[in-house]
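Novice: So here's entry-v7.cif, just mmCIF, N, CA and C atoms:
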```cif
data_coords
#
loop_
_atom_site.label_atom_id
_atom_site.label_comp_id
_atom_site.auth_asym_id
_atom_site.auth_seq_id
_atom_site.Cartn_x
_atom_site.Cartn_y
_atom_site.Cartn_z
N MET W 1 -14.85 17.33 -3.16
CA MET W 1 -15.29 15.98 -2.98
C MET W 1 -14.56 15.26 -1.86
N ALA W 2 -13.42 15.72 -1.46
CA ALA W 2 -12.61 15.02 -0.47
C ALA W 2 -13.38 14.76 0.82
N CYS W 3 -14.33 15.60 1.16
CA CYS W 3 -15.06 15.40 2.41
C CYS W 3 -15.83 14.08 2.41
N TRP W 4 -16.29 13.59 1.27
CA TRP W 4 -17.04 12.33 1.22
C TRP W 4 -16.17 11.17 1.64
N ARG W 5 -14.97 11.10 1.10
CA ARG W 5 -14.11 9.97 1.45
C ARG W 5 -13.67 10.07 2.89
N ASN W 6 -13.50 11.29 3.41
CA ASN W 6 -13.10 11.45 4.80
C ASN W 6 -14.14 10.85 5.74
N LYS W 7 -15.40 10.98 5.41
CA LYS W 7 -16.45 10.45 6.26
C LYS W 7 -16.55 8.94 6.14
N LEU W 8 -16.44 8.40 4.94
CA LEU W 8 -16.60 6.96 4.77
C LEU W 8 -15.47 6.19 5.44
N ARG W 9 -14.30 6.71 5.45
CA ARG W 9 -13.17 5.97 6.03
C ARG W 9 -13.33 5.77 7.53
N ALA W 10 -14.10 6.64 8.19
CA ALA W 10 -14.31 6.50 9.63
C ALA W 10 -15.09 5.25 9.98
N PHE W 11 -15.88 4.71 9.05
CA PHE W 11 -16.67 3.52 9.32
C PHE W 11 -15.87 2.24 9.15
N GLY W 12 -14.78 2.27 8.41
CA GLY W 12 -13.98 1.07 8.22
C GLY W 12 -14.72 -0.05 7.53
N ARG W 13 -15.53 0.30 6.53
CA ARG W 13 -16.30 -0.69 5.78
C ARG W 13 -15.98 -0.55 4.31
N PRO W 14 -16.09 -1.65 3.56
CA PRO W 14 -15.86 -1.55 2.12
C PRO W 14 -17.02 -0.84 1.43
N LEU W 15 -16.79 -0.45 0.20
CA LEU W 15 -17.84 0.15 -0.60
C LEU W 15 -18.90 -0.89 -0.93
N GLU W 16 -20.14 -0.48 -0.86
CA GLU W 16 -21.24 -1.35 -1.24
C GLU W 16 -21.45 -1.21 -2.75
N MET W 17 -21.96 -2.25 -3.36
CA MET W 17 -22.19 -2.24 -4.80
C MET W 17 -23.50 -1.50 -5.11
N LEU W 18 -23.44 -0.17 -5.00
CA LEU W 18 -24.61 0.66 -5.23
C LEU W 18 -24.63 1.29 -6.62
N THR W 19 -23.47 1.39 -7.26
CA THR W 19 -23.37 2.03 -8.57
C THR W 19 -22.32 1.33 -9.42
N GLN W 20 -22.29 1.71 -10.68
CA GLN W 20 -21.26 1.19 -11.57
C GLN W 20 -19.87 1.62 -11.09
N ASP W 21 -19.76 2.83 -10.55
CA ASP W 21 -18.47 3.29 -10.03
C ASP W 21 -17.93 2.35 -8.95
N ALA W 22 -18.82 1.90 -8.07
CA ALA W 22 -18.39 0.97 -7.02
C ALA W 22 -18.01 -0.38 -7.58
N ALA W 23 -18.65 -0.79 -8.68
CA ALA W 23 -18.40 -2.11 -9.26
C ALA W 23 -16.97 -2.27 -9.77
N TYR W 24 -16.29 -1.18 -10.03
CA TYR W 24 -14.88 -1.26 -10.42
C TYR W 24 -14.04 -1.80 -9.27
N ARG W 25 -14.60 -1.80 -8.07
CA ARG W 25 -13.91 -2.32 -6.89
C ARG W 25 -14.61 -3.57 -6.36
N TYR W 26 -15.16 -4.35 -7.25
CA TYR W 26 -15.91 -5.55 -6.91
C TYR W 26 -15.02 -6.59 -6.24
N SER W 27 -15.55 -7.27 -5.26
CA SER W 27 -14.95 -8.43 -4.62
C SER W 27 -13.55 -8.13 -4.07
N ASP W 28 -12.55 -8.89 -4.53
CA ASP W 28 -11.19 -8.73 -4.01
C ASP W 28 -10.48 -7.48 -4.52
N ALA W 29 -11.14 -6.69 -5.35
CA ALA W 29 -10.50 -5.48 -5.88
C ALA W 29 -10.47 -4.37 -4.85
N GLN W 30 -11.11 -4.57 -3.70
CA GLN W 30 -11.06 -3.57 -2.64
C GLN W 30 -10.77 -4.25 -1.31
N ALA W 31 -10.22 -3.48 -0.42
CA ALA W 31 -9.92 -3.99 0.91
C ALA W 31 -10.12 -2.85 1.92
N VAL W 32 -10.19 -3.24 3.17
CA VAL W 32 -10.25 -2.27 4.26
C VAL W 32 -9.10 -2.59 5.19
N TYR W 33 -8.31 -1.58 5.50
CA TYR W 33 -7.18 -1.75 6.42
C TYR W 33 -7.59 -1.11 7.74
N ARG W 34 -7.82 -1.94 8.74
CA ARG W 34 -8.36 -1.47 10.02
C ARG W 34 -7.27 -1.21 11.07
N ASP W 35 -6.03 -1.48 10.75
CA ASP W 35 -4.96 -1.40 11.74
C ASP W 35 -4.14 -0.13 11.63
N PHE W 36 -4.77 0.99 11.30
CA PHE W 36 -4.04 2.24 11.13
C PHE W 36 -3.28 2.57 12.41
N GLY W 37 -1.98 2.72 12.27
CA GLY W 37 -1.14 3.00 13.43
C GLY W 37 -0.47 4.36 13.37
N GLY W 38 -1.02 5.28 12.62
CA GLY W 38 -0.41 6.60 12.48
C GLY W 38 0.38 6.67 11.18
N VAL W 39 1.18 7.69 11.08
CA VAL W 39 2.00 7.90 9.89
C VAL W 39 2.92 6.70 9.69
N VAL W 40 2.98 6.24 8.45
CA VAL W 40 3.80 5.06 8.14
C VAL W 40 5.27 5.46 8.13
N LEU W 41 5.99 4.98 9.11
CA LEU W 41 7.41 5.31 9.23
C LEU W 41 8.30 4.07 9.18
N THR W 42 7.67 2.91 9.11
CA THR W 42 8.47 1.69 9.13
C THR W 42 8.15 0.81 7.92
N GLN W 43 9.11 0.04 7.54
CA GLN W 43 8.93 -0.94 6.46
C GLN W 43 7.84 -1.94 6.83
N GLU W 44 7.79 -2.31 8.12
CA GLU W 44 6.82 -3.31 8.56
C GLU W 44 5.39 -2.82 8.33
N GLU W 45 5.11 -1.56 8.64
CA GLU W 45 3.77 -1.02 8.43
C GLU W 45 3.43 -1.00 6.93
N GLY W 46 4.38 -0.60 6.11
CA GLY W 46 4.18 -0.64 4.66
C GLY W 46 3.91 -2.04 4.16
N ASP W 47 4.62 -3.02 4.71
CA ASP W 47 4.40 -4.42 4.33
C ASP W 47 3.01 -4.88 4.72
N ARG W 48 2.52 -4.47 5.91
CA ARG W 48 1.18 -4.86 6.35
C ARG W 48 0.11 -4.24 5.45
N ILE W 49 0.31 -2.99 5.06
CA ILE W 49 -0.64 -2.34 4.15
C ILE W 49 -0.65 -3.06 2.81
N GLY W 50 0.52 -3.38 2.28
CA GLY W 50 0.61 -4.11 1.02
C GLY W 50 -0.04 -5.48 1.11
N ALA W 51 0.16 -6.18 2.21
CA ALA W 51 -0.46 -7.50 2.39
C ALA W 51 -1.98 -7.38 2.47
N ALA W 52 -2.47 -6.34 3.12
CA ALA W 52 -3.92 -6.14 3.23
C ALA W 52 -4.54 -5.83 1.86
N LEU W 53 -3.79 -5.17 1.00
CA LEU W 53 -4.28 -4.85 -0.34
C LEU W 53 -4.53 -6.13 -1.15
N GLY W 54 -3.70 -7.12 -0.94
CA GLY W 54 -3.88 -8.39 -1.65
C GLY W 54 -2.90 -8.53 -2.79
N THR W 55 -2.87 -9.73 -3.33
CA THR W 55 -1.87 -10.03 -4.35
C THR W 55 -2.44 -10.18 -5.75
N HIS W 56 -3.76 -10.29 -5.90
CA HIS W 56 -4.26 -10.54 -7.25
C HIS W 56 -5.05 -9.38 -7.82
N GLN W 57 -6.22 -9.08 -7.34
CA GLN W 57 -7.06 -8.08 -7.98
C GLN W 57 -7.03 -6.73 -7.28
N GLY W 58 -6.28 -6.58 -6.20
CA GLY W 58 -6.32 -5.38 -5.40
C GLY W 58 -6.11 -4.10 -6.20
N LYS W 59 -7.08 -3.21 -6.16
CA LYS W 59 -7.00 -1.93 -6.85
C LYS W 59 -7.03 -0.77 -5.86
N GLY W 60 -7.34 -1.07 -4.63
CA GLY W 60 -7.36 -0.01 -3.64
C GLY W 60 -7.96 -0.46 -2.34
N MET W 61 -7.88 0.44 -1.37
CA MET W 61 -8.43 0.12 -0.06
C MET W 61 -8.81 1.38 0.69
N ILE W 62 -9.67 1.16 1.66
CA ILE W 62 -10.02 2.21 2.61
C ILE W 62 -9.11 1.99 3.80
N LEU W 63 -8.33 2.98 4.14
CA LEU W 63 -7.47 2.92 5.31
C LEU W 63 -8.29 3.53 6.45
N GLN W 64 -8.84 2.67 7.32
CA GLN W 64 -9.73 3.15 8.37
C GLN W 64 -9.08 4.26 9.18
N ASN W 65 -9.81 5.33 9.40
CA ASN W 65 -9.37 6.50 10.15
C ASN W 65 -8.19 7.22 9.52
N HIS W 66 -7.97 6.98 8.22
CA HIS W 66 -6.85 7.66 7.57
C HIS W 66 -7.24 8.19 6.19
N GLY W 67 -7.56 7.34 5.24
CA GLY W 67 -7.86 7.82 3.90
C GLY W 67 -8.04 6.69 2.92
N LEU W 68 -7.90 7.02 1.66
CA LEU W 68 -8.07 6.06 0.58
C LEU W 68 -6.76 5.83 -0.13
N LEU W 69 -6.64 4.66 -0.73
CA LEU W 69 -5.46 4.30 -1.49
C LEU W 69 -5.93 3.59 -2.75
N THR W 70 -5.45 4.02 -3.90
CA THR W 70 -5.71 3.30 -5.14
C THR W 70 -4.37 3.00 -5.80
N VAL W 71 -4.34 1.92 -6.55
CA VAL W 71 -3.12 1.52 -7.23
C VAL W 71 -3.46 1.14 -8.67
N GLY W 72 -2.47 1.23 -9.53
CA GLY W 72 -2.65 0.84 -10.91
C GLY W 72 -1.31 0.60 -11.55
N SER W 73 -1.33 0.07 -12.74
CA SER W 73 -0.08 -0.16 -13.45
C SER W 73 0.43 1.13 -14.07
N THR W 74 -0.41 2.17 -14.11
CA THR W 74 0.01 3.51 -14.53
C THR W 74 -0.59 4.52 -13.55
N VAL W 75 0.00 5.70 -13.50
CA VAL W 75 -0.54 6.77 -12.68
C VAL W 75 -1.94 7.11 -13.15
N ASP W 76 -2.15 7.10 -14.45
CA ASP W 76 -3.47 7.42 -15.02
C ASP W 76 -4.53 6.46 -14.49
N GLU W 77 -4.20 5.19 -14.46
CA GLU W 77 -5.14 4.18 -13.97
C GLU W 77 -5.48 4.42 -12.50
N ALA W 78 -4.47 4.64 -11.68
CA ALA W 78 -4.70 4.88 -10.25
C ALA W 78 -5.51 6.15 -10.03
N CYS W 79 -5.24 7.19 -10.80
CA CYS W 79 -5.99 8.45 -10.67
C CYS W 79 -7.45 8.26 -11.05
N PHE W 80 -7.72 7.53 -12.12
CA PHE W 80 -9.11 7.31 -12.51
C PHE W 80 -9.83 6.48 -11.46
N LEU W 81 -9.16 5.48 -10.90
CA LEU W 81 -9.78 4.70 -9.83
C LEU W 81 -10.11 5.58 -8.63
N MET W 82 -9.26 6.56 -8.33
CA MET W 82 -9.56 7.47 -7.21
C MET W 82 -10.81 8.29 -7.52
N THR W 83 -10.97 8.72 -8.76
CA THR W 83 -12.17 9.45 -9.15
C THR W 83 -13.41 8.58 -8.94
N LEU W 84 -13.33 7.32 -9.34
CA LEU W 84 -14.46 6.41 -9.16
C LEU W 84 -14.77 6.19 -7.68
N VAL W 85 -13.73 6.06 -6.87
CA VAL W 85 -13.93 5.84 -5.44
C VAL W 85 -14.59 7.07 -4.80
N GLU W 86 -14.15 8.25 -5.21
CA GLU W 86 -14.76 9.48 -4.69
C GLU W 86 -16.27 9.48 -4.95
N CYS W 87 -16.65 9.16 -6.18
CA CYS W 87 -18.08 9.13 -6.54
C CYS W 87 -18.81 8.03 -5.76
N ALA W 88 -18.20 6.87 -5.63
CA ALA W 88 -18.83 5.77 -4.91
C ALA W 88 -19.00 6.10 -3.43
N CYS W 89 -18.02 6.76 -2.83
CA CYS W 89 -18.13 7.17 -1.43
C CYS W 89 -19.28 8.15 -1.24
N GLN W 90 -19.34 9.13 -2.11
CA GLN W 90 -20.42 10.12 -2.03
C GLN W 90 -21.78 9.43 -2.15
N THR W 91 -21.92 8.56 -3.12
CA THR W 91 -23.19 7.86 -3.32
C THR W 91 -23.55 7.02 -2.11
N GLN W 92 -22.59 6.29 -1.58
CA GLN W 92 -22.87 5.42 -0.44
C GLN W 92 -23.32 6.22 0.77
N LEU W 93 -22.66 7.32 1.07
CA LEU W 93 -23.06 8.12 2.22
C LEU W 93 -24.43 8.74 2.03
N LEU W 94 -24.73 9.20 0.83
CA LEU W 94 -26.06 9.74 0.56
C LEU W 94 -27.13 8.64 0.66
N ALA W 95 -26.82 7.45 0.16
CA ALA W 95 -27.77 6.34 0.24
C ALA W 95 -28.00 5.92 1.68
N GLU W 96 -26.95 5.93 2.49
CA GLU W 96 -27.11 5.58 3.90
C GLU W 96 -27.96 6.61 4.63
N ALA W 97 -27.78 7.87 4.30
CA ALA W 97 -28.60 8.91 4.92
C ALA W 97 -30.07 8.74 4.52
N ALA W 98 -30.31 8.44 3.26
CA ALA W 98 -31.69 8.21 2.80
C ALA W 98 -32.27 6.96 3.44
N ALA W 99 -31.46 5.91 3.58
CA ALA W 99 -31.93 4.67 4.20
C ALA W 99 -32.31 4.90 5.66
N ALA W 100 -31.61 5.79 6.33
CA ALA W 100 -31.94 6.12 7.72
C ALA W 100 -33.31 6.78 7.83
N LYS W 101 -33.77 7.35 6.73
CA LYS W 101 -35.09 7.99 6.68
C LYS W 101 -36.15 7.03 6.15
N GLY W 102 -35.78 5.77 5.91
CA GLY W 102 -36.75 4.78 5.51
C GLY W 102 -36.71 4.33 4.07
N LEU W 103 -35.86 4.92 3.24
CA LEU W 103 -35.76 4.49 1.85
C LEU W 103 -34.81 3.30 1.75
N ALA W 104 -35.21 2.30 1.00
CA ALA W 104 -34.37 1.11 0.86
C ALA W 104 -33.27 1.35 -0.17
N LYS W 105 -32.07 0.87 0.14
CA LYS W 105 -30.97 0.93 -0.83
C LYS W 105 -31.20 -0.15 -1.87
N VAL W 106 -30.88 0.15 -3.11
CA VAL W 106 -31.00 -0.80 -4.20
C VAL W 106 -29.59 -1.09 -4.70
N TYR W 107 -29.19 -2.33 -4.63
CA TYR W 107 -27.83 -2.72 -4.98
C TYR W 107 -27.75 -3.17 -6.44
N VAL W 108 -26.57 -2.99 -7.03
CA VAL W 108 -26.29 -3.55 -8.34
C VAL W 108 -26.31 -5.07 -8.15
N PRO W 109 -27.06 -5.79 -8.98
CA PRO W 109 -27.07 -7.25 -8.85
C PRO W 109 -25.65 -7.82 -8.95
N GLU W 110 -25.40 -8.88 -8.21
CA GLU W 110 -24.08 -9.51 -8.15
C GLU W 110 -23.51 -9.79 -9.54
N LYS W 111 -24.31 -10.39 -10.42
CA LYS W 111 -23.81 -10.73 -11.75
C LYS W 111 -23.46 -9.48 -12.55
N ASN W 112 -24.17 -8.38 -12.36
CA ASN W 112 -23.88 -7.14 -13.08
C ASN W 112 -22.62 -6.47 -12.54
N ALA W 113 -22.44 -6.50 -11.22
CA ALA W 113 -21.23 -5.93 -10.63
C ALA W 113 -20.00 -6.70 -11.11
N LYS W 114 -20.12 -8.02 -11.11
CA LYS W 114 -19.01 -8.87 -11.57
C LYS W 114 -18.72 -8.62 -13.04
N TYR W 115 -19.75 -8.52 -13.86
CA TYR W 115 -19.59 -8.27 -15.29
C TYR W 115 -18.89 -6.93 -15.52
N THR W 116 -19.33 -5.91 -14.81
CA THR W 116 -18.71 -4.58 -14.95
C THR W 116 -17.23 -4.66 -14.58
N PHE W 117 -16.94 -5.29 -13.47
CA PHE W 117 -15.55 -5.41 -13.04
C PHE W 117 -14.71 -6.16 -14.08
N GLU W 118 -15.20 -7.29 -14.52
CA GLU W 118 -14.43 -8.12 -15.44
C GLU W 118 -14.23 -7.47 -16.81
N ASN W 119 -15.14 -6.60 -17.22
CA ASN W 119 -15.07 -6.01 -18.56
C ASN W 119 -14.60 -4.57 -18.60
N SER W 120 -14.39 -3.96 -17.44
CA SER W 120 -14.04 -2.53 -17.45
C SER W 120 -12.88 -2.15 -16.56
N SER W 121 -12.35 -3.07 -15.79
CA SER W 121 -11.33 -2.66 -14.83
C SER W 121 -9.92 -3.13 -15.18
N ASP W 122 -9.71 -3.48 -16.42
CA ASP W 122 -8.36 -3.85 -16.84
C ASP W 122 -7.53 -2.58 -17.00
N PRO W 123 -6.22 -2.67 -16.90
CA PRO W 123 -5.36 -1.48 -16.95
C PRO W 123 -5.56 -0.60 -18.18
N GLU W 124 -5.70 -1.20 -19.35
CA GLU W 124 -5.83 -0.38 -20.56
C GLU W 124 -7.14 0.41 -20.57
N THR W 125 -8.23 -0.24 -20.21
CA THR W 125 -9.52 0.46 -20.17
C THR W 125 -9.49 1.59 -19.15
N LEU W 126 -8.95 1.32 -17.96
CA LEU W 126 -8.89 2.37 -16.93
C LEU W 126 -7.98 3.52 -17.36
N TYR W 127 -6.89 3.21 -18.04
CA TYR W 127 -6.02 4.25 -18.55
C TYR W 127 -6.79 5.18 -19.49
N TRP W 128 -7.47 4.59 -20.46
CA TRP W 128 -8.17 5.41 -21.46
C TRP W 128 -9.38 6.12 -20.88
N GLU W 129 -10.06 5.49 -19.93
CA GLU W 129 -11.20 6.17 -19.31
C GLU W 129 -10.75 7.36 -18.48
N GLY W 130 -9.55 7.32 -17.96
CA GLY W 130 -9.04 8.42 -17.16
C GLY W 130 -8.51 9.60 -17.96
N GLN W 131 -8.26 9.40 -19.24
CA GLN W 131 -7.66 10.47 -20.04
C GLN W 131 -8.49 11.75 -20.09
N PRO W 132 -9.80 11.72 -20.27
CA PRO W 132 -10.55 12.98 -20.29
C PRO W 132 -10.41 13.77 -18.99
N ASP W 133 -10.38 13.08 -17.84
CA ASP W 133 -10.20 13.78 -16.57
C ASP W 133 -8.84 14.46 -16.51
N LEU W 134 -7.81 13.75 -16.93
CA LEU W 134 -6.47 14.33 -16.90
C LEU W 134 -6.33 15.47 -17.90
N GLN W 135 -6.95 15.34 -19.06
CA GLN W 135 -6.92 16.43 -20.04
C GLN W 135 -7.64 17.66 -19.51
N TYR W 136 -8.72 17.45 -18.80
CA TYR W 136 -9.45 18.57 -18.20
C TYR W 136 -8.58 19.28 -17.16
N GLU W 137 -7.92 18.51 -16.30
CA GLU W 137 -7.04 19.10 -15.29
C GLU W 137 -5.89 19.87 -15.95
N GLU W 138 -5.35 19.31 -17.01
CA GLU W 138 -4.27 19.98 -17.76
C GLU W 138 -4.78 21.32 -18.31
N TYR W 139 -5.96 21.30 -18.88
CA TYR W 139 -6.55 22.51 -19.43
C TYR W 139 -6.80 23.55 -18.33
N MET W 140 -7.37 23.12 -17.22
CA MET W 140 -7.70 24.05 -16.14
C MET W 140 -6.46 24.63 -15.48
N SER W 141 -5.38 23.87 -15.42
CA SER W 141 -4.15 24.37 -14.79
C SER W 141 -3.31 25.22 -15.74
N LYS W 142 -3.72 25.26 -17.02
CA LYS W 142 -2.99 26.01 -18.03
C LYS W 142 -1.51 25.62 -18.09
N GLY W 143 -1.24 24.35 -17.76
CA GLY W 143 0.12 23.82 -17.82
C GLY W 143 1.02 24.29 -16.71
N GLU W 144 0.48 24.91 -15.67
CA GLU W 144 1.32 25.43 -14.57
C GLU W 144 2.10 24.33 -13.86
N HIS W 145 1.59 23.11 -13.87
CA HIS W 145 2.29 22.02 -13.21
C HIS W 145 3.61 21.67 -13.90
N ARG W 146 3.78 22.07 -15.13
CA ARG W 146 5.00 21.74 -15.87
C ARG W 146 6.22 22.51 -15.37
N GLY W 147 6.01 23.61 -14.69
CA GLY W 147 7.12 24.41 -14.20
C GLY W 147 7.72 23.90 -12.92
N CYS W 148 7.10 22.86 -12.33
CA CYS W 148 7.59 22.34 -11.04
C CYS W 148 8.84 21.52 -11.20
#
```
Would you encode the structure as structure tokens?
Specialist:
Amino acid sequence: MACWRNKLRAFGRPLEMLTQDAAYRYSDAQAVYRDFGGVVLTQEEGDRIGAALGTHQGKGMILQNHGLLTVGSTVDEACFLMTLVECACQTQLLAEAAAAKGLAKVYVPEKNAKYTFENSSDPETLYWEGQPDLQYEEYMSKGEHRGC
């Protein structure tokens, strides 16, 4: 799936509200950082990235020409948000390709996107929604990560 996010970041645009997955990043919960200056080696660059993320609802951002960033109050929350972003990126790129062929994109209505965000993107809900993914990864790795 990583190839989907690699392509979307080149456009330097936020996710469109095309699916429920994107709605978890509704409004101020997402940002785009357009000032990518290479590998972050200075405190100042880290401060600029943090400022671009925002101070209230920021859950992640697209780092133009670099990659994606998600944050959470737990690792589980941030990981689940990354899963949602991956799906939303894939959907958006597929929808844009279809739109180029004449099919109209259909957006999640504003009130529905807001409702989804307000009722599903709190830390506890995101933590619990991410547990099946993490349990699957644990199962597939047969616990090999524990030896590190």
Novice: Out of W:Pro14, W:Gly102, W:Gly46, W:Pro109, which residue has the shortest atom-to-atom distance to Gln30 of chain W when counting only C-alpha atoms?
Specialist: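 Residue with the minimum atom-to-atom distance to Gln30 of chain W: W:Pro14.
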Novice: Which one is closest to Thr19 of chain W: W:Leu93, W:Val106, W:Ala51, W:Leu41? Count all atoms listed in the file.
Specialist: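 Among W:Leu93, W:Val106, W:Ala51, W:Leu41, it is W:Val106 that comes nearest to Thr19 of chain W.
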Novice: In Å, how far is it from atom C of Gly130 of chain W to atom N of Asp47 of chain W?
Specialist: 29.1 Å
Novice: Just to confirm, what's the straight-line distance from atom CA of Gly60 of chain W to atom CA of Tyr136 of chain W in Å (one decimal)?
Specialist: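 Those two atoms sit 23.7 Å apart.
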Novice: Output as a tab-separated table one row per residue of segment 26-66 of chain W within 12 Å of segment 76-79 of chain W: the closest atom pair and its distance in Å to one decimal place, counting only C-alpha atoms, sorted by chain and residue number ascending.
Specialist:
```
residue	atom	partner	partner_atom	distance
W:Gly58	CA	W:Ala78	CA	11.5
W:Lys59	CA	W:Ala78	CA	8.0
W:Gly60	CA	W:Ala78	CA	8.6
W:Met61	CA	W:Ala78	CA	11.8
```
Novice: Going by DSSP on the backbone, which residues of segment 14-130 of chain W come out as alpha helix (DSSP H)? List them as a PyMOL selection string.
Specialist: chain W and resi 20-23+43-53+75-100+110-120+123-130
Novice: Write out as a ChimeraX atom specification all residues of chain W that backbone DSSP assigns to strand (DSSP E or B).
Specialist: /W:30-33,60-63,67-70
Novice: If I take atom CA of Gln131 of chain W and atom CA of Ser73 of chain W, how far is one from the other in Å, to one decimal?
Specialist: 14.6 Å
Novice: Let me make sure I understand: among W:Glu96, W:Val32, W:Tyr115, W:Leu15, which one has the smallest atom-to-atom distance to Ile62 of chain W if we use only C-alpha atoms?
Specialist: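 Of W:Glu96, W:Val32, W:Tyr115, W:Leu15, the one nearest Ile62 of chain W is W:Val32, counting only C-alpha atoms.
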Novice: Identify all residues satisfying the PyMOL selection byres ((chain W and resi 26) around 8) in the given file; provide them as a PyMOL selection string.
Specialist: chain W and resi 17+21-25+27-30+113-114+116-118
Novice: Rank nothing, just name the residue among W:Gly50, W:Ala100, W:Gln90, W:Gln135 nearest to Val71 of chain W, using only C-alpha atoms.
Specialist: W:Gly50
Novice: Add whatever atoms are absent from segment 36-42 of chain W to reach all heavy atoms, and provide the output as a PDB file, in the coordinates of the input.
Specialist:
```pdb
ATOM      1  N   PHE W  36      -4.770   0.990  11.300  1.00  0.00           N
ATOM      2  CA  PHE W  36      -4.040   2.240  11.130  1.00  0.00           C
ATOM      3  C   PHE W  36      -3.280   2.570  12.410  1.00  0.00           C
ATOM      4  O   PHE W  36      -3.855   2.676  13.480  1.00  0.00           O
ATOM      5  CB  PHE W  36      -4.990   3.372  10.772  1.00  0.00           C
ATOM      6  CG  PHE W  36      -4.347   4.726  10.742  1.00  0.00           C
ATOM      7  CD1 PHE W  36      -3.335   4.999   9.845  1.00  0.00           C
ATOM      8  CD2 PHE W  36      -4.749   5.719  11.609  1.00  0.00           C
ATOM      9  CE1 PHE W  36      -2.739   6.245   9.803  1.00  0.00           C
ATOM     10  CE2 PHE W  36      -4.159   6.969  11.574  1.00  0.00           C
ATOM     11  CZ  PHE W  36      -3.159   7.235  10.678  1.00  0.00           C
ATOM     12  N   GLY W  37      -1.980   2.720  12.270  1.00  0.00           N
ATOM     13  CA  GLY W  37      -1.140   3.000  13.430  1.00  0.00           C
ATOM     14  C   GLY W  37      -0.470   4.360  13.370  1.00  0.00           C
ATOM     15  O   GLY W  37       0.568   4.569  13.975  1.00  0.00           O
ATOM     16  N   GLY W  38      -1.020   5.280  12.620  1.00  0.00           N
ATOM     17  CA  GLY W  38      -0.410   6.600  12.480  1.00  0.00           C
ATOM     18  C   GLY W  38       0.380   6.670  11.180  1.00  0.00           C
ATOM     19  O   GLY W  38       0.276   5.825  10.310  1.00  0.00           O
ATOM     20  N   VAL W  39       1.180   7.690  11.080  1.00  0.00           N
ATOM     21  CA  VAL W  39       2.000   7.900   9.890  1.00  0.00           C
ATOM     22  C   VAL W  39       2.920   6.700   9.690  1.00  0.00           C
ATOM     23  O   VAL W  39       3.526   6.195  10.630  1.00  0.00           O
ATOM     24  CB  VAL W  39       2.838   9.202  10.046  1.00  0.00           C
ATOM     25  CG1 VAL W  39       3.749   9.402   8.850  1.00  0.00           C
ATOM     26  CG2 VAL W  39       1.920  10.395  10.224  1.00  0.00           C
ATOM     27  N   VAL W  40       2.980   6.240   8.450  1.00  0.00           N
ATOM     28  CA  VAL W  40       3.800   5.060   8.140  1.00  0.00           C
ATOM     29  C   VAL W  40       5.270   5.460   8.130  1.00  0.00           C
ATOM     30  O   VAL W  40       5.716   6.189   7.243  1.00  0.00           O
ATOM     31  CB  VAL W  40       3.401   4.449   6.773  1.00  0.00           C
ATOM     32  CG1 VAL W  40       4.294   3.259   6.450  1.00  0.00           C
ATOM     33  CG2 VAL W  40       1.940   4.050   6.785  1.00  0.00           C
ATOM     34  N   LEU W  41       5.990   4.980   9.110  1.00  0.00           N
ATOM     35  CA  LEU W  41       7.410   5.310   9.230  1.00  0.00           C
ATOM     36  C   LEU W  41       8.300   4.070   9.180  1.00  0.00           C
ATOM     37  O   LEU W  41       9.509   4.184   9.211  1.00  0.00           O
ATOM     38  CB  LEU W  41       7.674   6.062  10.544  1.00  0.00           C
ATOM     39  CG  LEU W  41       6.941   7.400  10.690  1.00  0.00           C
ATOM     40  CD1 LEU W  41       7.175   7.981  12.071  1.00  0.00           C
ATOM     41  CD2 LEU W  41       7.386   8.379   9.612  1.00  0.00           C
ATOM     42  N   THR W  42       7.670   2.910   9.110  1.00  0.00           N
ATOM     43  CA  THR W  42       8.470   1.690   9.130  1.00  0.00           C
ATOM     44  C   THR W  42       8.150   0.810   7.920  1.00  0.00           C
ATOM     45  O   THR W  42       7.047   0.845   7.385  1.00  0.00           O
ATOM     46  CB  THR W  42       8.205   0.861  10.403  1.00  0.00           C
ATOM     47  OG1 THR W  42       6.850   0.396  10.382  1.00  0.00           O
ATOM     48  CG2 THR W  42       8.457   1.673  11.663  1.00  0.00           C
TER      49      THR W  42
END
```
